[in-house]
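Working notes, structure below.
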Amino acid sequence: MSNITVFAAKKFITMDPNTPEVTHVAVRDGRILALGGKECANEWGSVHHDDRLADTIVMPGLVEGHAHMMAGAVWKYAYVGYHDRIDPSGKLWRGLKDGSAVVAGLAEFADRLDFDEPIVGWGFDPIFLASERLSRIHLDEISSDRPIAIIFSNFHLMCVNSYALEMVGYDQHSNVEGVIKAPDGLPTGELQEMAAMFPIMRRLGIDFRGLSQSPDAILAYAQVAQRAGVTTITDLFSSMEDDDVDVMLRITNDNFPLRIVPVLGAMGDPVSFADKAERLAKRSTDKLRMGAVKLMTDGSIQGWTARVRWPGYLGGQPNGIWNTEPEMIYSLCAEMQARGIQMHIHVNGDQAAEVSLDAIQAALALNPGQGHRHVLQHCQMMDRDLYERAAELGCCVNIFSNHIWYFGDQHVALTLGEGRAARMDAARSALDAGLHIALHSDAPVTPLGPFFTAWCAVNRRTMSDRVLGSAQCLSVSEALYAITMGAAYTLKLDAEIGSISVGKRADFAILGDDPTSIDPMALKDVPVLGTVSGGRVHLL
């Protein structure tokens with residue numbers, strides 16, 4: 001059989017302006033050899049024609065530039081979120097709409113566990129519940145003699161019962177930032193951000209590294225990605241050790257349908273993390289790309305832990321929590337820039353974005369030079385001035401557009417108010433400032449699904465179906481570019497993926513409808529039928 005395969009489709013949407021649409025693409029050795037009509041590769045020798053995609057629309061493989069590999073394995077815990085979700089196997093889990101339903105659902109889950117196992121739930125978000133805020137008192141109703149922890153949907157907060165508090169010694173005398181206390185001085189059970197959460201996670205065995213690095217977790221991640229048409233995806237706060245890399249290298253072979261970009265979480269000594277990033281980079285393969293780092297600056301807007309500029313939060317809540325203090329952000333930026341290591345920097349609040357840009361500017365003053373492509377991640381409160389600064393500094397942005405639908409109404413009413421909520425996730429301002437942009441889901445915070453993410457950026461609809469900030473809407477073509485070439489650029493992979501162009505990897509998303517010709521309101525419903533990874537077809 002010929003080593004050249006010519007795939008036929010109703011239409012290939014290439015994202016390449018030189019040949020925007022074709023009907024055939026030729027692949028050799030996992031790369032795109034030619035594109036055009038049926039005879040596009042005849043000059044290269046004998047060809048094999050593959051018609052399995054003939055009745056479909058094909059795009060470049062979608063690129064998810066901000067997700068987490070625990071998106072598959074987190075389902076080992078009880079889902080107690082407000083929104084309906086679909087697990088990696090395709091099973092629908094109905095959302096829990098009030099506090100009593102959350103408690104009942106968790107109690108039912110606990111009945112299926114051995115008594116010595118902790119009771120852990122995930123996906124909870126109190127901002128949707130009208131009742132009093134969940135506390136240890138509610139969780140004590142489930143059990144007072146075994147530990148319980150509910151991880152909030154943003155993964156920046158959790159609530160635990162009294163037994164779990166006692167396990168780590170949190171009481172009225174504790175002076176740990178993020179351990180929330182009631183008027184009587186006793187902990188409520190709510191823990192905000194990493195310093196407060198980590199002791200509980202260690203004692204209960206809630207191991208995000210373990211949720212990400214087992215063979216089952218890696219395979220589940222590929223399953224979730226394939227359902228979404230994604231062929232390249234990040235793990236954007238990885239804590240991989242050498243043995244984890246060994247496992248991933250074994251799993252991510254030629255037949256594996258996904259390219260994974262683990263980004264090392266850097267929250268500590270800059271030199272140590274830079275050394276580790278450089279060691280990991282040397283072990284990269286086509287399917288496993290390492291060497292970048294992620295800085296975690298602030299928290300979550302809906303958890304009131306993001307750092308925001310004046311006038312702060314509605315209701316006068318304190319101005320968030322620094323997961324990494326500004327002084328350390330400056331030190332990390334200086335070291336990574338000096339070593340040529342790309343940074344992805346979590347910035348939900350605009351104050352966090354401002355501090356991060358200040359730190360990048362200071363680092364560039366010490367070690368000038370563009371080409372770093374440092375990426376500001378989430379960018380939820382960045383406005384025109386911050387985007388223009390980012391462009392001047394040669395940065396990219398990856399915008400959390402899903403947030404508009406999931407939390408837009410709540411941000412208007414509860415956290416930021418109408419004016420600032422209307423400019424959240426301001427993709428239009430970012431493009432107008434000349435930035436390279438990507439759009440993301442932050443899975444499992446919200447479900448992985450680039451077409452839904454693009455739909456959010458195009459239509460900016462909230463759960464109540466209002467348009468929140470029409471001035472920030474993207475066109476369909478701009479949004480599709482952001483989930484292909486835009487995201488590839490932020491990962492420094494745009495020379496290899498993101499468009500159907502000669503020489504690039506033969507990574508495709510196989511679709512049941514044409515996203516460029518349907519009503520923009522239908523964009524989120526484009527059916528994904530499978531993927532092609534390196535020329536290998538993986539149908540659902």
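A note on labels: chains of the structure tokens are A, B, ... as shown, every chain counts residues from 1, and ligands are counted from 1 in their shown order.
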For this session: Give me the residues within 12 Å of Glu241 (chain A) as a list in words, counting only C-alpha atoms and dropping any in the same chain fewer than 5 places off.
Result: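 Once the adjacent positions are removed, what remains is Arg209, Gly210, Ser212, Gln213, Asp246, Val247, Met248, Pro262, Leu264, Gly265, Phe273, Lys276, Ala277, Arg279, Leu280 and Arg283 of chain A.
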Would you write out those residues with all heavy atoms, as a compact mmCIF listing (two decimals), in the first residue's frame?
# COMPACT_ATOMS: atom_id res chain seq x y z
N ARG A 209 -1.79 15.69 41.70
CA ARG A 209 -0.77 15.01 40.90
C ARG A 209 -1.21 13.58 40.61
O ARG A 209 -1.12 13.09 39.49
CB ARG A 209 0.57 15.02 41.63
CG ARG A 209 1.66 14.23 40.92
CD ARG A 209 2.93 14.16 41.74
NE ARG A 209 3.82 13.12 41.23
CZ ARG A 209 4.67 12.45 41.97
NH1 ARG A 209 4.75 12.68 43.27
NH2 ARG A 209 5.45 11.53 41.45
N GLY A 210 -1.72 12.89 41.63
CA GLY A 210 -2.19 11.52 41.44
C GLY A 210 -3.37 11.44 40.48
O GLY A 210 -3.50 10.47 39.72
N SER A 212 -3.70 13.19 37.98
CA SER A 212 -3.23 13.56 36.65
C SER A 212 -2.28 12.55 36.03
O SER A 212 -2.19 12.47 34.81
CB SER A 212 -2.51 14.92 36.70
OG SER A 212 -3.35 15.93 37.19
N GLN A 213 -1.56 11.79 36.83
CA GLN A 213 -0.41 11.07 36.31
C GLN A 213 -0.57 9.57 36.20
O GLN A 213 0.32 8.89 35.69
CB GLN A 213 0.82 11.38 37.19
CG GLN A 213 1.15 12.85 37.29
CD GLN A 213 1.45 13.48 35.94
OE1 GLN A 213 1.87 12.80 35.02
NE2 GLN A 213 1.23 14.77 35.81
N ASP A 246 8.08 9.08 33.00
CA ASP A 246 8.23 7.72 32.47
C ASP A 246 6.88 7.13 32.09
O ASP A 246 6.73 6.51 31.03
CB ASP A 246 8.93 6.82 33.50
CG ASP A 246 10.37 7.23 33.76
OD1 ASP A 246 10.97 7.91 32.90
OD2 ASP A 246 10.90 6.87 34.83
N VAL A 247 5.90 7.29 32.97
CA VAL A 247 4.55 6.77 32.70
C VAL A 247 3.95 7.44 31.47
O VAL A 247 3.42 6.78 30.57
CB VAL A 247 3.63 6.96 33.93
CG1 VAL A 247 2.18 6.62 33.58
CG2 VAL A 247 4.10 6.11 35.10
N MET A 248 4.06 8.76 31.42
CA MET A 248 3.46 9.48 30.30
C MET A 248 4.13 9.14 28.98
O MET A 248 3.48 9.03 27.94
CB MET A 248 3.49 10.98 30.56
CG MET A 248 2.59 11.41 31.69
SD MET A 248 2.24 13.17 31.67
CE MET A 248 1.20 13.32 30.23
N PRO A 262 2.27 19.48 29.30
CA PRO A 262 2.27 19.74 30.74
C PRO A 262 3.11 20.98 31.05
O PRO A 262 4.25 21.11 30.57
CB PRO A 262 2.92 18.48 31.34
CG PRO A 262 3.00 17.49 30.21
CD PRO A 262 3.08 18.30 28.96
N LEU A 264 4.76 23.18 34.06
CA LEU A 264 5.19 22.99 35.45
C LEU A 264 4.70 24.11 36.35
O LEU A 264 4.98 25.29 36.10
CB LEU A 264 6.72 22.91 35.49
CG LEU A 264 7.37 22.74 36.85
CD1 LEU A 264 7.01 21.39 37.47
CD2 LEU A 264 8.89 22.89 36.73
N GLY A 265 3.96 23.76 37.40
CA GLY A 265 3.54 24.75 38.38
C GLY A 265 4.73 25.25 39.18
O GLY A 265 5.47 24.44 39.76
N PHE A 273 12.81 25.71 40.23
CA PHE A 273 11.78 25.45 39.23
C PHE A 273 12.32 25.65 37.81
O PHE A 273 11.95 24.92 36.89
CB PHE A 273 10.56 26.32 39.48
CG PHE A 273 9.66 25.77 40.56
CD1 PHE A 273 9.61 26.36 41.81
CD2 PHE A 273 8.89 24.65 40.33
CE1 PHE A 273 8.80 25.85 42.81
CE2 PHE A 273 8.07 24.12 41.32
CZ PHE A 273 8.02 24.72 42.56
N LYS A 276 14.26 22.54 36.95
CA LYS A 276 13.37 21.41 36.66
C LYS A 276 12.73 21.57 35.28
O LYS A 276 12.61 20.59 34.53
CB LYS A 276 12.31 21.28 37.74
CG LYS A 276 11.42 20.06 37.58
CD LYS A 276 10.47 19.89 38.75
CE LYS A 276 9.62 18.63 38.61
NZ LYS A 276 8.69 18.45 39.76
N ALA A 277 12.31 22.78 34.95
CA ALA A 277 11.70 23.01 33.63
C ALA A 277 12.68 22.67 32.52
O ALA A 277 12.30 22.06 31.50
CB ALA A 277 11.24 24.46 33.52
N ARG A 279 15.16 20.50 32.68
CA ARG A 279 15.33 19.04 32.64
C ARG A 279 14.15 18.39 31.92
O ARG A 279 14.33 17.48 31.11
CB ARG A 279 15.44 18.46 34.06
CG ARG A 279 16.73 18.79 34.78
CD ARG A 279 16.94 17.88 35.97
NE ARG A 279 15.81 17.85 36.90
CZ ARG A 279 15.66 18.69 37.91
NH1 ARG A 279 16.57 19.64 38.13
NH2 ARG A 279 14.61 18.59 38.71
N LEU A 280 12.94 18.85 32.23
CA LEU A 280 11.76 18.28 31.59
C LEU A 280 11.76 18.53 30.09
O LEU A 280 11.37 17.67 29.30
CB LEU A 280 10.49 18.86 32.22
CG LEU A 280 10.17 18.42 33.65
CD1 LEU A 280 9.02 19.24 34.21
CD2 LEU A 280 9.83 16.93 33.70
N ARG A 283 13.21 15.99 27.77
CA ARG A 283 12.55 14.70 27.62
C ARG A 283 11.31 14.79 26.72
O ARG A 283 10.56 13.84 26.59
CB ARG A 283 12.17 14.13 28.98
CG ARG A 283 13.34 13.95 29.93
CD ARG A 283 12.96 13.12 31.14
NE ARG A 283 12.72 11.72 30.76
CZ ARG A 283 12.27 10.79 31.61
NH1 ARG A 283 12.00 11.12 32.87
NH2 ARG A 283 12.07 9.55 31.21
For this session: Would you list the contacts of region 1-13 of chain A as a PyMOL selection string, taking every protein, DNA or RNA residue within 7 Å and counting only C-alpha atoms, but skipping same-chain residues closer than 4 positions in sequence?
Result: chain A and resi 20-28+46-51+53-59
Exercise. Phe237 (chain A): which residues within 12 Å, counting only C-alpha atoms, same-chain residues fewer than 3 positions away excluded, as a PyMOL selection string?
Worked result: chain A and resi 65-70+208-209+212+234+240+261-267+290+292-296+343-346+377+442
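Shell of region 378-381 of chain A at 6 Å, with only C-alpha atoms counted and residues fewer than 3 places along the chain excluded, is Val347, Asn348, Gly349, Asp350, Asn398, Ile399, Phe400, Met424 and Asp425 of chain A.
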Problem set entry | Exercise: Trp304 (chain A) partners within 8 Å, only C-alpha atoms, chain neighbours under 6 positions left out, as a list in words |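 The contact residues come out as Tyr313, Gln317, Pro318, Asn319, Gly320 and Thr415 of chain A.
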Contacts of Asp525 (chain A) at 10 Å or less, counting only C-alpha atoms, minus same-chain residues fewer than 4 places along, as a JSON list (two decimals) with N, CA and C atoms, in the first residue's frame?
[["chain", "number", "residue", "atom", "x", "y", "z"],
["A", 449, "GLY", "N", -14.71, 21.88, 25.80],
["A", 449, "GLY", "CA", -15.52, 21.94, 24.59],
["A", 449, "GLY", "C", -15.23, 23.21, 23.84],
["A", 451, "PHE", "N", -15.90, 24.38, 20.95],
["A", 451, "PHE", "CA", -16.98, 25.04, 20.22],
["A", 451, "PHE", "C", -17.90, 25.81, 21.17],
["A", 452, "PHE", "N", -18.12, 25.28, 22.36],
["A", 452, "PHE", "CA", -18.88, 26.04, 23.35],
["A", 452, "PHE", "C", -18.09, 27.28, 23.76],
["A", 455, "TRP", "N", -18.42, 29.76, 21.11],
["A", 455, "TRP", "CA", -19.79, 30.30, 21.16],
["A", 455, "TRP", "C", -19.89, 31.39, 22.23],
["A", 512, "GLY", "N", -19.69, 17.09, 12.25],
["A", 512, "GLY", "CA", -20.93, 16.76, 11.58],
["A", 512, "GLY", "C", -21.65, 17.95, 11.01],
["A", 513, "ASP", "N", -21.07, 19.14, 11.15],
["A", 513, "ASP", "CA", -21.68, 20.35, 10.60],
["A", 513, "ASP", "C", -20.57, 21.36, 10.35],
["A", 515, "PRO", "N", -19.08, 24.82, 11.01],
["A", 515, "PRO", "CA", -19.20, 25.94, 11.95],
["A", 515, "PRO", "C", -19.14, 27.30, 11.28],
["A", 521, "MET", "N", -25.46, 31.28, 16.84],
["A", 521, "MET", "CA", -26.03, 30.77, 18.08],
["A", 521, "MET", "C", -26.01, 29.24, 18.14]]
Problem set entry | Close residues, Gly530 (chain A) itself excluded, 9 Å, only C-alpha atoms, min 3 positions apart in chain, as a list in words |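 Listing them by chain and then by number gives Gln226, Arg227, Ala228, Gly229, Phe508, Ala509, Ile510, Leu511, Val537, His538, Leu539 and Leu540 of chain A.
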Go ahead and dump the residues you just picked, N, CA, C and O atoms, as an mmCIF file, in the first residue's frame.
data_model
loop_
_atom_site.group_PDB
_atom_site.id
_atom_site.type_symbol
_atom_site.label_atom_id
_atom_site.label_comp_id
_atom_site.auth_asym_id
_atom_site.auth_seq_id
_atom_site.Cartn_x
_atom_site.Cartn_y
_atom_site.Cartn_z
ATOM 1 N N GLN A 226 -10.922 13.779 22.975
ATOM 2 C CA GLN A 226 -11.400 13.294 21.688
ATOM 3 C C GLN A 226 -12.870 13.631 21.483
ATOM 4 O O GLN A 226 -13.278 14.018 20.383
ATOM 5 N N ARG A 227 -13.686 13.536 22.540
ATOM 6 C CA ARG A 227 -15.100 13.887 22.425
ATOM 7 C C ARG A 227 -15.291 15.356 22.060
ATOM 8 O O ARG A 227 -16.323 15.739 21.507
ATOM 9 N N ALA A 228 -14.296 16.182 22.374
ATOM 10 C CA ALA A 228 -14.394 17.618 22.112
ATOM 11 C C ALA A 228 -13.695 18.034 20.825
ATOM 12 O O ALA A 228 -13.678 19.215 20.493
ATOM 13 N N GLY A 229 -13.086 17.090 20.092
ATOM 14 C CA GLY A 229 -12.373 17.428 18.869
ATOM 15 C C GLY A 229 -10.987 17.987 19.103
ATOM 16 O O GLY A 229 -10.376 18.572 18.204
ATOM 17 N N PHE A 508 -6.585 16.629 12.868
ATOM 18 C CA PHE A 508 -7.853 17.179 12.404
ATOM 19 C C PHE A 508 -8.959 16.914 13.417
ATOM 20 O O PHE A 508 -8.905 15.943 14.179
ATOM 21 N N ALA A 509 -9.971 17.772 13.407
ATOM 22 C CA ALA A 509 -11.240 17.537 14.109
ATOM 23 C C ALA A 509 -12.279 17.187 13.060
ATOM 24 O O ALA A 509 -12.445 17.914 12.070
ATOM 25 N N ILE A 510 -12.985 16.077 13.261
ATOM 26 C CA ILE A 510 -13.980 15.595 12.310
ATOM 27 C C ILE A 510 -15.354 16.025 12.811
ATOM 28 O O ILE A 510 -15.763 15.677 13.926
ATOM 29 N N LEU A 511 -16.085 16.770 11.985
ATOM 30 C CA LEU A 511 -17.313 17.424 12.428
ATOM 31 C C LEU A 511 -18.521 16.977 11.611
ATOM 32 O O LEU A 511 -18.396 16.611 10.441
ATOM 33 N N VAL A 537 -6.801 7.954 12.167
ATOM 34 C CA VAL A 537 -8.197 8.305 12.367
ATOM 35 C C VAL A 537 -8.715 7.661 13.647
ATOM 36 O O VAL A 537 -8.534 6.462 13.872
ATOM 37 N N HIS A 538 -9.375 8.474 14.484
ATOM 38 C CA HIS A 538 -9.970 8.000 15.737
ATOM 39 C C HIS A 538 -11.426 8.459 15.743
ATOM 40 O O HIS A 538 -11.732 9.592 16.128
ATOM 41 N N LEU A 539 -12.325 7.600 15.287
ATOM 42 C CA LEU A 539 -13.744 7.939 15.244
ATOM 43 C C LEU A 539 -14.401 7.619 16.577
ATOM 44 O O LEU A 539 -14.036 6.651 17.260
ATOM 45 N N LEU A 540 -15.396 8.423 16.942
ATOM 46 C CA LEU A 540 -16.132 8.175 18.178
ATOM 47 C C LEU A 540 -17.144 7.056 17.975
ATOM 48 O O LEU A 540 -17.620 6.821 16.868
#
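Note that CA of Gly340 (chain A) and CA of Gly394 (chain A) are 13.7 Å apart.
Considering only C-alpha atoms, the residue among A:Leu96, A:Ile497, A:Val375, A:Val458 positioned nearest to Asp519 (chain A) is A:Val458.
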